[in-house]
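The block underneath contains the structure these notes are about, expressed in structure tokens.
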Amino acid sequence: MIPDKVPKEDVFHGSADLKKDAHVSSFEKYKELYMKSIENPDEFWGDIAKDFFWKTKPKGQFLEYNFDVTRGKIFIKCMEGASTNICYNLLDRNVHEKNLGDKVAFYWEGNEPGDELKVTYRELLHRVCQFANVLKSQGVKKGDRVSIYMPMVVELVVAMLACVRIGAVHSIVFAGFSAESLCERIIDSQCSLLITADGFYRGDKLISLKLLADEALQKCRDKGFPVEKCIMLKHLSKEAEDSPLGSQSPPAKRSCPDLQQENQTGRVKKTRPVPQVPWNPEVDLCWHTLLHGASSECDPEWCESEDPLFILYTSGSTGKPKGVLHTISGYMLYTATTFKLVFDYQPDDVYWCTADIGWITGHSYITYGPLAHGATSVLFEGLPIYPNVSRMWEIVDKYRVTKFYTAPTAIRLLMKYGSEPVQKYKRDSLKILGTVGEPINPEAWQWYYSVVGEKRCPIVDTFWQTENGGHMLTPLPAATPMKPGSATFPFFGVVPAILNESGEELEGPSEGYLVFKQAWPGMMRTVYGNHQRFETTYFKKFPGYYVTGDGCRRDKDGYYWITGRIDDMLNVSGHLLSTAEVESALVEHEAVAEAAVVGRPHPVKGESLYCFVTLRDGATYNQMLEAELKKLVREKIGAIATPDYIQNSPGLPKTRSGKIMRRVLRKIACNDHDLGDISTLADSSVVEQLFQNRCSTAV
């Protein structure tokens, strides 16, 4: 499982200075702790749990589970009998017990340079308690689901922690998703309230978030699920206020949306159009007005270990997103531990994860993991190349960032502009670099290591999924030599295996299905409202194992390499998309009879969407139809799913049973004529027609 020793050739090391104070300072230490975490998990995790507050102590085993569908219901239970509150552990203890009240929790950096603020742990606790009382005043109680659809602002963290303080379950929807996607998630999780903002800018593009939220709420009403209340934050249109979060005072005798545009520090932003904000007084409530007079004292709701913490939707191969449910104690321990050890967190660090909180990376490694350790983080609203391609490195120098965590797609984007925009800035504060979201190609890894980190910063290339809660396969900065593109070795408590199609475990160098053999604290507990889907998706194919859906290769040195999705999923710019979901959107158009979507390699995004559409009789394919189809996908799913290529396909390659041969379509999308065995095709002439009509794919 773990090799006896690591190779000395073809590997990279970070600065030797890291080893002095590292939590895990050598490969031998890693092996020792890893074996303890596997052989005696109760002791390993029990020691870690001592660093947190528990209202009541656990009874029995630390972790109980069943991964075998043939032996009964799949379940995972962690620290049964224990009760706690995550918000109390993240904020109250840091302020009152660890004396970190004056330490900066977040440096918020807005879309526009100069639009900034800093928030201390004491200020964050104050705001969270206030907003928790606001939620209670609106009837939100323990177990209720609250939908959050907000930009990357400090109030997003306030909203999610206010939910968990009172035992409510947050369901955050990425602000780049469409009204249809928001509606679908609100209804699936039966949310009682929506929290949103007027809008925000990403680069030069205005996102009128409240308009999208209102459209989603109308769709909910049309489907028989009216959401009674929507709380709106003034982000683009707000008054200058004294509060460090820019939200202390109510708008004086004005409706919430009708305000002047100023930034959160009271300075006027760069002049931009402010969206006309629709207002429905029967549903809409103003964040700022509600806060006025709200008490900053709010006792935490003590929750059982396995009470739900949040629901986060991830794409499913059936097309319908899955509501991944995480619970309290195991998730808290796992995110806190992975953050501390993978980034070798030290108290004087300034940490920056560039992800959006709308994704699991933002949940685990912007909010929960860093705050559990009293860390100082950068919270960034903008884009990596706005207003110029040096923005990231300017921010690194501005806040003296020590640990930097981003996606391979961002690295590939910045690579296009060469090293000069990077080298304009010192970056001498950087100690550790990280990647997340997809496997990083060796060329991008080398550029990141050599240019950004100047060959002194180790790279932690982390593999994990929404379902996992935290890092599963990863290097540890001072302990494991790095191979460019490899996810390296398992984290503590994680037992990977590689299976063949028959479900047999493969030993030594091998390639096949990546699975995990035993439970870990941070893993999902179910698909919200559909436990059968949870069992079918992750446990039915290979009983006794958790199935990741990813392929994996293990090399002769025992290093793990993720080879990509095995099921019908795409990884676009680090975001997992379902081919079935995109296909479903395309066939909603009256002109489309059938659609098939595959991924095509893209130098920046990792994968691009190549779509094949078969039209109904009488329909004509032209540029107008192509534009309509792209618009339809954006509206149904979001801009991230916009097709890169759409090919008119009078026929699709199908087996005699009618199944589309997607591997053939992937070959066509890549103009690769090495098709392998196509003897099972019902009509092989279709393939040549598709090659002749390929889209021009210069990228």
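For the structure tokens, the naming scheme is as follows: chains receive sequential letters (A, B, ...) according to their order of presentation, residues are indexed from 1 within each chain, and ligands are indexed from 1 in presentation order.
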Surrounding residues of stretch 497-507 of chain A excluding itself and chain neighbours under 6 positions, 8 Å, only C-alpha atoms, as JSON, numbers by chain
{"A": [513, 514, 515, 516, 517, 542, 552, 553]}
Would you pick out the contacts of A:Leu233 at 7 Å or less, using only C-alpha atoms, so that residues sharing its chain but fewer than 3 positions from it are not included, and give the list as a PyMOL selection string?
chain A and resi 196-198+286-288
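Interatomic distance, atom CA of A:Tyr448 against atom CA of A:Leu609: 26.0 Å.
Our summary of the geometry notes that atom CA of A:Pro477 is positioned 7.1 Å from atom CA of A:Phe343.
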Might you pull out every residue within 12 Å of A:Val587, with only C-alpha atoms counted and same-chain residues fewer than 4 positions away left off, and present them as a compact mmCIF listing (two decimals) with all heavy atoms, in the first residue's frame?
# COMPACT_ATOMS: atom_id res chain seq x y z
N ALA A 580 -24.96 13.78 -19.53
CA ALA A 580 -26.41 13.58 -19.62
C ALA A 580 -27.16 14.88 -19.35
O ALA A 580 -28.20 15.15 -19.97
CB ALA A 580 -26.84 12.50 -18.63
N GLU A 581 -26.64 15.70 -18.44
CA GLU A 581 -27.30 16.97 -18.12
C GLU A 581 -27.25 17.92 -19.31
O GLU A 581 -28.23 18.60 -19.63
CB GLU A 581 -26.61 17.59 -16.90
CG GLU A 581 -27.38 18.70 -16.23
CD GLU A 581 -26.71 19.19 -14.94
OE1 GLU A 581 -25.62 18.71 -14.60
OE2 GLU A 581 -27.32 20.06 -14.30
N VAL A 582 -26.10 17.97 -19.99
CA VAL A 582 -25.97 18.83 -21.16
C VAL A 582 -26.84 18.30 -22.30
O VAL A 582 -27.53 19.06 -23.00
CB VAL A 582 -24.50 18.94 -21.60
CG1 VAL A 582 -24.37 19.83 -22.83
CG2 VAL A 582 -23.64 19.49 -20.47
N GLU A 583 -26.83 16.98 -22.48
CA GLU A 583 -27.66 16.38 -23.52
C GLU A 583 -29.14 16.66 -23.28
O GLU A 583 -29.90 16.96 -24.21
CB GLU A 583 -27.41 14.87 -23.56
CG GLU A 583 -26.03 14.50 -24.10
CD GLU A 583 -25.61 13.09 -23.78
OE1 GLU A 583 -26.40 12.35 -23.16
OE2 GLU A 583 -24.48 12.72 -24.14
N ALA A 591 -36.02 21.71 -32.24
CA ALA A 591 -35.40 21.24 -33.48
C ALA A 591 -34.53 20.00 -33.28
O ALA A 591 -34.14 19.36 -34.25
CB ALA A 591 -34.56 22.36 -34.09
N VAL A 592 -34.22 19.67 -32.02
CA VAL A 592 -33.26 18.60 -31.75
C VAL A 592 -33.98 17.30 -31.38
O VAL A 592 -34.78 17.26 -30.45
CB VAL A 592 -32.29 19.00 -30.62
CG1 VAL A 592 -31.33 17.86 -30.30
CG2 VAL A 592 -31.50 20.25 -31.03
N ALA A 593 -33.64 16.25 -32.11
CA ALA A 593 -34.23 14.94 -31.83
C ALA A 593 -33.37 14.14 -30.85
O ALA A 593 -33.88 13.42 -30.00
CB ALA A 593 -34.39 14.15 -33.13
N GLU A 594 -32.05 14.29 -30.97
CA GLU A 594 -31.14 13.49 -30.15
C GLU A 594 -29.83 14.25 -30.01
O GLU A 594 -29.43 15.01 -30.89
CB GLU A 594 -30.90 12.12 -30.80
CG GLU A 594 -30.17 11.12 -29.93
CD GLU A 594 -30.13 9.74 -30.57
OE1 GLU A 594 -30.22 9.64 -31.81
OE2 GLU A 594 -30.01 8.76 -29.81
N ALA A 595 -29.15 14.04 -28.89
CA ALA A 595 -27.86 14.71 -28.67
C ALA A 595 -26.92 13.77 -27.93
O ALA A 595 -27.36 12.94 -27.11
CB ALA A 595 -28.05 15.99 -27.87
N ALA A 596 -25.65 13.90 -28.21
CA ALA A 596 -24.60 13.18 -27.48
C ALA A 596 -23.46 14.14 -27.23
O ALA A 596 -23.06 14.89 -28.14
CB ALA A 596 -24.13 11.96 -28.27
N VAL A 597 -22.92 14.12 -26.02
CA VAL A 597 -21.88 15.07 -25.62
C VAL A 597 -20.66 14.29 -25.13
O VAL A 597 -20.80 13.37 -24.32
CB VAL A 597 -22.38 16.02 -24.52
CG1 VAL A 597 -21.27 16.96 -24.06
CG2 VAL A 597 -23.59 16.82 -25.01
N CYS A 611 -20.36 18.61 -28.86
CA CYS A 611 -21.73 18.10 -28.88
C CYS A 611 -22.13 17.66 -30.28
O CYS A 611 -21.87 18.37 -31.26
CB CYS A 611 -22.71 19.18 -28.40
SG CYS A 611 -22.27 19.92 -26.82
N PHE A 612 -22.75 16.52 -30.36
CA PHE A 612 -23.33 16.01 -31.61
C PHE A 612 -24.84 16.11 -31.49
O PHE A 612 -25.42 15.59 -30.52
CB PHE A 612 -22.92 14.55 -31.83
CG PHE A 612 -21.44 14.33 -31.95
CD1 PHE A 612 -20.65 14.20 -30.81
CD2 PHE A 612 -20.82 14.25 -33.20
CE1 PHE A 612 -19.28 13.99 -30.91
CE2 PHE A 612 -19.45 14.03 -33.31
CZ PHE A 612 -18.67 13.91 -32.16
N VAL A 613 -25.50 16.76 -32.46
CA VAL A 613 -26.96 16.87 -32.40
C VAL A 613 -27.58 16.33 -33.69
O VAL A 613 -27.10 16.62 -34.79
CB VAL A 613 -27.43 18.32 -32.16
CG1 VAL A 613 -26.99 18.80 -30.78
CG2 VAL A 613 -26.94 19.27 -33.23
N THR A 614 -28.61 15.54 -33.52
CA THR A 614 -29.41 15.05 -34.64
C THR A 614 -30.72 15.82 -34.65
O THR A 614 -31.42 15.87 -33.63
CB THR A 614 -29.69 13.54 -34.49
OG1 THR A 614 -28.43 12.85 -34.40
CG2 THR A 614 -30.51 13.02 -35.65
N LEU A 615 -31.03 16.45 -35.80
CA LEU A 615 -32.20 17.32 -35.87
C LEU A 615 -33.45 16.54 -36.28
O LEU A 615 -33.38 15.47 -36.90
CB LEU A 615 -31.96 18.45 -36.88
CG LEU A 615 -30.74 19.35 -36.61
CD1 LEU A 615 -30.72 20.50 -37.62
CD2 LEU A 615 -30.75 19.88 -35.19
N ARG A 616 -34.58 17.11 -35.91
CA ARG A 616 -35.87 16.54 -36.33
C ARG A 616 -36.08 16.79 -37.83
O ARG A 616 -35.49 17.70 -38.41
CB ARG A 616 -37.01 17.18 -35.54
CG ARG A 616 -36.94 16.90 -34.04
CD ARG A 616 -38.15 17.48 -33.32
NE ARG A 616 -38.01 17.33 -31.88
CZ ARG A 616 -38.31 16.22 -31.21
NH1 ARG A 616 -38.77 15.16 -31.87
NH2 ARG A 616 -38.14 16.16 -29.90
N GLU A 628 -28.81 29.46 -30.49
CA GLU A 628 -29.95 29.14 -29.61
C GLU A 628 -29.63 27.97 -28.70
O GLU A 628 -30.00 27.96 -27.52
CB GLU A 628 -31.19 28.83 -30.46
CG GLU A 628 -31.80 30.04 -31.15
CD GLU A 628 -32.96 29.66 -32.06
OE1 GLU A 628 -33.30 28.45 -32.12
OE2 GLU A 628 -33.51 30.56 -32.71
N LEU A 629 -28.94 26.96 -29.25
CA LEU A 629 -28.60 25.79 -28.45
C LEU A 629 -27.61 26.15 -27.33
O LEU A 629 -27.75 25.70 -26.20
CB LEU A 629 -28.01 24.69 -29.35
CG LEU A 629 -28.99 24.04 -30.33
CD1 LEU A 629 -28.26 23.08 -31.26
CD2 LEU A 629 -30.12 23.33 -29.61
N LYS A 630 -26.62 26.97 -27.66
CA LYS A 630 -25.66 27.39 -26.64
C LYS A 630 -26.35 28.21 -25.56
O LYS A 630 -26.08 28.04 -24.36
CB LYS A 630 -24.53 28.20 -27.29
CG LYS A 630 -23.59 27.36 -28.15
CD LYS A 630 -22.43 28.17 -28.69
CE LYS A 630 -21.47 27.28 -29.48
NZ LYS A 630 -20.29 28.03 -29.98
N LEU A 632 -29.48 27.99 -24.69
CA LEU A 632 -30.34 27.09 -23.93
C LEU A 632 -29.54 26.36 -22.85
O LEU A 632 -29.98 26.24 -21.70
CB LEU A 632 -30.99 26.07 -24.88
CG LEU A 632 -31.98 25.08 -24.28
CD1 LEU A 632 -33.15 25.80 -23.63
CD2 LEU A 632 -32.48 24.11 -25.35
N VAL A 633 -28.35 25.88 -23.20
CA VAL A 633 -27.51 25.18 -22.22
C VAL A 633 -27.09 26.14 -21.11
O VAL A 633 -27.10 25.79 -19.92
CB VAL A 633 -26.28 24.55 -22.90
CG1 VAL A 633 -25.32 23.97 -21.86
CG2 VAL A 633 -26.71 23.45 -23.87
N LYS A 636 -30.07 26.63 -18.81
CA LYS A 636 -30.46 25.43 -18.05
C LYS A 636 -29.43 25.05 -17.00
O LYS A 636 -29.78 24.57 -15.92
CB LYS A 636 -30.68 24.25 -19.00
CG LYS A 636 -31.92 24.37 -19.86
CD LYS A 636 -33.17 24.22 -19.04
CE LYS A 636 -34.43 24.39 -19.84
NZ LYS A 636 -35.64 24.31 -18.99
Based on DSSP run over this structure's backbone, return all residues of stretch 596-672 of chain A in alpha helix (DSSP H), as a ChimeraX atom specification.
/A:623-636,662-669
Filtering to C-alpha atoms, could you give me those residues as a PDB file, in the first residue's frame?
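Contents of selection.pdb, as written:
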ATOM      1  CA  GLN A 623     -25.644  29.639 -37.022  1.00  0.00           C
ATOM      2  CA  MET A 624     -28.882  30.905 -35.503  1.00  0.00           C
ATOM      3  CA  LEU A 625     -29.804  27.412 -34.275  1.00  0.00           C
ATOM      4  CA  GLU A 626     -26.285  26.903 -32.909  1.00  0.00           C
ATOM      5  CA  ALA A 627     -26.526  30.173 -30.962  1.00  0.00           C
ATOM      6  CA  GLU A 628     -29.951  29.145 -29.614  1.00  0.00           C
ATOM      7  CA  LEU A 629     -28.595  25.786 -28.447  1.00  0.00           C
ATOM      8  CA  LYS A 630     -25.659  27.393 -26.644  1.00  0.00           C
ATOM      9  CA  LYS A 631     -28.011  29.898 -25.012  1.00  0.00           C
ATOM     10  CA  LEU A 632     -30.342  27.089 -23.931  1.00  0.00           C
ATOM     11  CA  VAL A 633     -27.509  25.185 -22.221  1.00  0.00           C
ATOM     12  CA  ARG A 634     -26.352  28.369 -20.451  1.00  0.00           C
ATOM     13  CA  GLU A 635     -29.884  29.010 -19.192  1.00  0.00           C
ATOM     14  CA  LYS A 636     -30.464  25.434 -18.047  1.00  0.00           C
ATOM     15  CA  ARG A 662     -19.296   7.378 -26.946  1.00  0.00           C
ATOM     16  CA  ARG A 663     -15.721   6.209 -27.237  1.00  0.00           C
ATOM     17  CA  VAL A 664     -16.138   6.507 -31.033  1.00  0.00           C
ATOM     18  CA  LEU A 665     -17.545  10.020 -30.657  1.00  0.00           C
ATOM     19  CA  ARG A 666     -14.545  10.969 -28.486  1.00  0.00           C
ATOM     20  CA  LYS A 667     -12.258   9.760 -31.292  1.00  0.00           C
ATOM     21  CA  ILE A 668     -14.193  11.827 -33.854  1.00  0.00           C
ATOM     22  CA  ALA A 669     -14.063  14.916 -31.638  1.00  0.00           C
TER      23      ALA A 669
END
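Remark: for A:His23, the closest of the candidate residues A:Leu675, A:Leu341, A:Leu690, A:Val547 is A:Leu341 (distances computed over only C-alpha atoms).
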Which residues are close to A:Leu433, i.e. within 7 Å by only C-alpha atoms, leaving aside same-chain residues fewer than 4 positions away? Reply as JSON, numbers by chain.
{"A": [403, 404, 405, 457, 458, 459, 460]}
Same residues, C-alpha atoms, saved as a compact mmCIF listing (two decimals), in the first residue's frame:
# COMPACT_ATOMS: atom_id res chain seq x y z
CA LYS A 403 0.33 29.02 1.04
CA PHE A 404 -1.38 29.24 -2.38
CA TYR A 405 -4.02 26.77 -3.64
CA CYS A 457 8.06 25.58 -3.07
CA PRO A 458 6.72 22.02 -2.92
CA ILE A 459 3.50 21.41 -4.83
CA VAL A 460 0.69 19.52 -3.12
All residues 10 Å or closer to A:Glu467, only C-alpha atoms, same chain fewer than 3 positions away omitted, as a PyMOL selection string:
chain A and resi 312-314+322-326+360+464+470+522-527+538+548
Restricting it to C-alpha atoms, dump the selection as an mmCIF file, in the first residue's frame.
data_model
loop_
_atom_site.group_PDB
_atom_site.id
_atom_site.type_symbol
_atom_site.label_atom_id
_atom_site.label_comp_id
_atom_site.auth_asym_id
_atom_site.auth_seq_id
_atom_site.Cartn_x
_atom_site.Cartn_y
_atom_site.Cartn_z
ATOM 1 C CA LEU A 312 -23.851 20.500 -1.945
ATOM 2 C CA TYR A 313 -24.925 19.442 -5.411
ATOM 3 C CA THR A 314 -22.582 17.727 -7.819
ATOM 4 C CA LYS A 322 -26.868 14.716 -6.617
ATOM 5 C CA GLY A 323 -27.369 16.431 -3.275
ATOM 6 C CA VAL A 324 -24.231 15.315 -1.423
ATOM 7 C CA LEU A 325 -24.937 15.366 2.313
ATOM 8 C CA HIS A 326 -22.121 15.930 4.804
ATOM 9 C CA ILE A 360 -16.581 21.864 -2.222
ATOM 10 C CA TRP A 464 -10.450 14.406 -3.823
ATOM 11 C CA GLY A 470 -11.298 16.563 1.947
ATOM 12 C CA GLY A 522 -15.136 13.332 6.112
ATOM 13 C CA MET A 523 -17.014 11.247 3.552
ATOM 14 C CA MET A 524 -20.586 11.950 2.461
ATOM 15 C CA ARG A 525 -23.342 10.058 4.251
ATOM 16 C CA THR A 526 -26.034 9.904 1.573
ATOM 17 C CA VAL A 527 -27.576 11.575 -1.451
ATOM 18 C CA TYR A 538 -20.905 4.487 -5.124
ATOM 19 C CA THR A 548 -14.788 6.998 -7.057
#
